[in-house]
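Data block below; observations after.
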Amino acid sequence: MRTAICIVCALLSAAGTLAAGSPPTAPESSATVENAAVVERTETFTNTFADFDELSRALESAVVSGDADLMRQMAVTEEEFRDLVWPTLDIARLPNSNFTWEFVWSQHQLQHEKCLMRTSHDLAGQKIDIVDITFEGRTTDHGSFKIHRDSRVEVLRADGTRDEVALFGSVLETADGRYKIYSFIND
């Protein structure tokens, strides 16, 4: 009986050690390392355009085609937001801020996708030429890029009339003078 009690005590002691967080054995440890996701950091903005004219021509084609994926490729990506935009935002540097880049990105994406889909649907198949892009909002300088807000896009329609349309909300300008859509949020 005494031997049985000693064995049970030893088993309970071993179980307690495991539950208390003893280090895993080498095979489990290497499996964990193998399965761990390695996050590669984005260092530059991709799919940028040399000037507003180049951006405008690409935007015209994407909007007229109604191809939401093509429009999406013109905008800031999740990785660009996480690695290049988020660290420069005031909200990211506030002490005791409970906001994470994931939360802010998810909220941004909800509005961004809604407006992108509406624009791609409403203007698909319509012949438009972008005549002018101006910004009525404030431009913010984030060091390695600027964001130009509250766009106004004047277009020439196939029937010769000019109109202001809400194609996108803001444009990102890189430090080397290249452009991409920051957001399609236009309402």
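We name chains A, B, ... following the order of the structure tokens; residues begin at 1 in each chain, and ligands are numbered from 1 as shown.
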| query | Which of segment 18-148 of chain A counts as strand (DSSP E) under DSSP, as a list of chain:residue names please? | reply | A:Ile128, A:Asp129, A:Ile130, A:Val131, A:Asp132, A:Ile133, A:Thr134, A:Phe135, A:Thr139, A:Thr140, A:Asp141, A:Phe145, A:Lys146, A:Ile147, A:His148
How about saving the chosen residues, N, CA and C atoms kept, as a PDB file, in the first residue's frame?
ATOM      1  N   ILE A 128     -15.458  57.934 -68.124  1.00  0.00           N
ATOM      2  CA  ILE A 128     -15.102  59.176 -67.442  1.00  0.00           C
ATOM      3  C   ILE A 128     -13.627  59.469 -67.680  1.00  0.00           C
ATOM      4  N   ASP A 129     -13.318  60.740 -67.752  1.00  0.00           N
ATOM      5  CA  ASP A 129     -11.932  61.197 -67.790  1.00  0.00           C
ATOM      6  C   ASP A 129     -11.736  62.120 -66.602  1.00  0.00           C
ATOM      7  N   ILE A 130     -10.755  61.814 -65.774  1.00  0.00           N
ATOM      8  CA  ILE A 130     -10.476  62.668 -64.628  1.00  0.00           C
ATOM      9  C   ILE A 130      -9.780  63.923 -65.131  1.00  0.00           C
ATOM     10  N   VAL A 131     -10.392  65.066 -64.849  1.00  0.00           N
ATOM     11  CA  VAL A 131      -9.879  66.353 -65.300  1.00  0.00           C
ATOM     12  C   VAL A 131      -9.015  66.996 -64.228  1.00  0.00           C
ATOM     13  N   ASP A 132      -9.448  66.854 -62.960  1.00  0.00           N
ATOM     14  CA  ASP A 132      -8.733  67.533 -61.877  1.00  0.00           C
ATOM     15  C   ASP A 132      -8.983  66.805 -60.556  1.00  0.00           C
ATOM     16  N   ILE A 133      -7.967  66.805 -59.724  1.00  0.00           N
ATOM     17  CA  ILE A 133      -8.086  66.288 -58.361  1.00  0.00           C
ATOM     18  C   ILE A 133      -7.571  67.370 -57.431  1.00  0.00           C
ATOM     19  N   THR A 134      -8.414  67.773 -56.491  1.00  0.00           N
ATOM     20  CA  THR A 134      -7.997  68.729 -55.462  1.00  0.00           C
ATOM     21  C   THR A 134      -8.351  68.132 -54.100  1.00  0.00           C
ATOM     22  N   PHE A 135      -7.795  68.729 -53.071  1.00  0.00           N
ATOM     23  CA  PHE A 135      -8.044  68.253 -51.712  1.00  0.00           C
ATOM     24  C   PHE A 135      -8.488  69.418 -50.855  1.00  0.00           C
ATOM     25  N   THR A 139      -3.742  68.313 -45.067  1.00  0.00           N
ATOM     26  CA  THR A 139      -2.677  67.379 -45.421  1.00  0.00           C
ATOM     27  C   THR A 139      -1.826  67.175 -44.180  1.00  0.00           C
ATOM     28  N   THR A 140      -1.605  65.919 -43.823  1.00  0.00           N
ATOM     29  CA  THR A 140      -0.800  65.630 -42.642  1.00  0.00           C
ATOM     30  C   THR A 140       0.524  65.025 -43.075  1.00  0.00           C
ATOM     31  N   ASP A 141       1.587  65.499 -42.450  1.00  0.00           N
ATOM     32  CA  ASP A 141       2.937  65.026 -42.750  1.00  0.00           C
ATOM     33  C   ASP A 141       3.333  63.995 -41.703  1.00  0.00           C
ATOM     34  N   PHE A 145       5.908  59.998 -45.375  1.00  0.00           N
ATOM     35  CA  PHE A 145       4.787  60.146 -46.303  1.00  0.00           C
ATOM     36  C   PHE A 145       3.854  61.245 -45.810  1.00  0.00           C
ATOM     37  N   LYS A 146       2.987  61.701 -46.720  1.00  0.00           N
ATOM     38  CA  LYS A 146       1.936  62.664 -46.398  1.00  0.00           C
ATOM     39  C   LYS A 146       0.609  62.058 -46.808  1.00  0.00           C
ATOM     40  N   ILE A 147      -0.444  62.478 -46.124  1.00  0.00           N
ATOM     41  CA  ILE A 147      -1.788  62.062 -46.512  1.00  0.00           C
ATOM     42  C   ILE A 147      -2.572  63.321 -46.867  1.00  0.00           C
ATOM     43  N   HIS A 148      -3.069  63.339 -48.108  1.00  0.00           N
ATOM     44  CA  HIS A 148      -3.907  64.428 -48.610  1.00  0.00           C
ATOM     45  C   HIS A 148      -5.354  63.964 -48.471  1.00  0.00           C
TER      46      HIS A 148
END
| message | For segment 45-52 of chain A, find every residue with an atom within 10 Å (counting only C-alpha atoms), except residues of its own chain fewer than 4 positions away, and show them as a PyMOL selection string. | response | chain A and resi 56-58+73-77+79-81+83-85+132-133+145+171-174+176-181
| query | Which neighbours of Ile91 of chain A fall inside 9 Å, counting only C-alpha atoms, when residues of the same chain fewer than 6 positions from it are skipped, and could you give them as a list in words? | reply | Ser97, Phe99 and Thr100 of chain A
| said: Quick check, in Å to one decimal: how far apart do atom CA of Arg41 of chain A and atom CA of Gln111 of chain A lie? | reply: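 The value is 25.1 Å.
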| message | When you count only C-alpha atoms, which of these residues is closest to Arg157 of chain A: A:Arg72, A:Arg118, A:Lys127, A:Arg93? | response | A:Lys127
| field | Pick from A:Cys115, A:Thr44, A:Trp101, A:Arg149, whichever lies nearest to Ile185 of chain A using only C-alpha atoms | value |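 Of all the options, A:Cys115 lies closest to Ile185 of chain A.
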| message | Considering only C-alpha atoms, can you say which of A:Ala175, A:Asp159, A:Leu167, A:Ala68 comes closest to Met117 of chain A? | response |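 Checking each candidate against Met117 of chain A, we get A:Ala68 as the closest.
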| Interatomic distance, atom CA of Val153 of chain A to atom CA of Phe184 of chain A (Å, one decimal) |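 Going from atom CA of Val153 of chain A over to atom CA of Phe184 of chain A, I get 12.4 Å.
With only C-alpha atoms as the atoms that count, the minimum distance from Thr119 of chain A to the choices A:Asp150, A:Glu78, A:Asp187, A:Asp163 is reached by A:Asp187.
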| message | Could you check the closest approach to Leu59 of chain A for each of A:Arg82, A:Met71, A:Gln126, A:Gln107 and tell me which residue wins, using only C-alpha atoms? | response | A:Met71
| task | Please return as an MDAnalysis selection string: the residues of chain A that backbone DSSP assigns to helix (DSSP H, G or I). | result | chainID A and resid 2:19 26:35 52:65 68:73 78:88 90:93 101:122
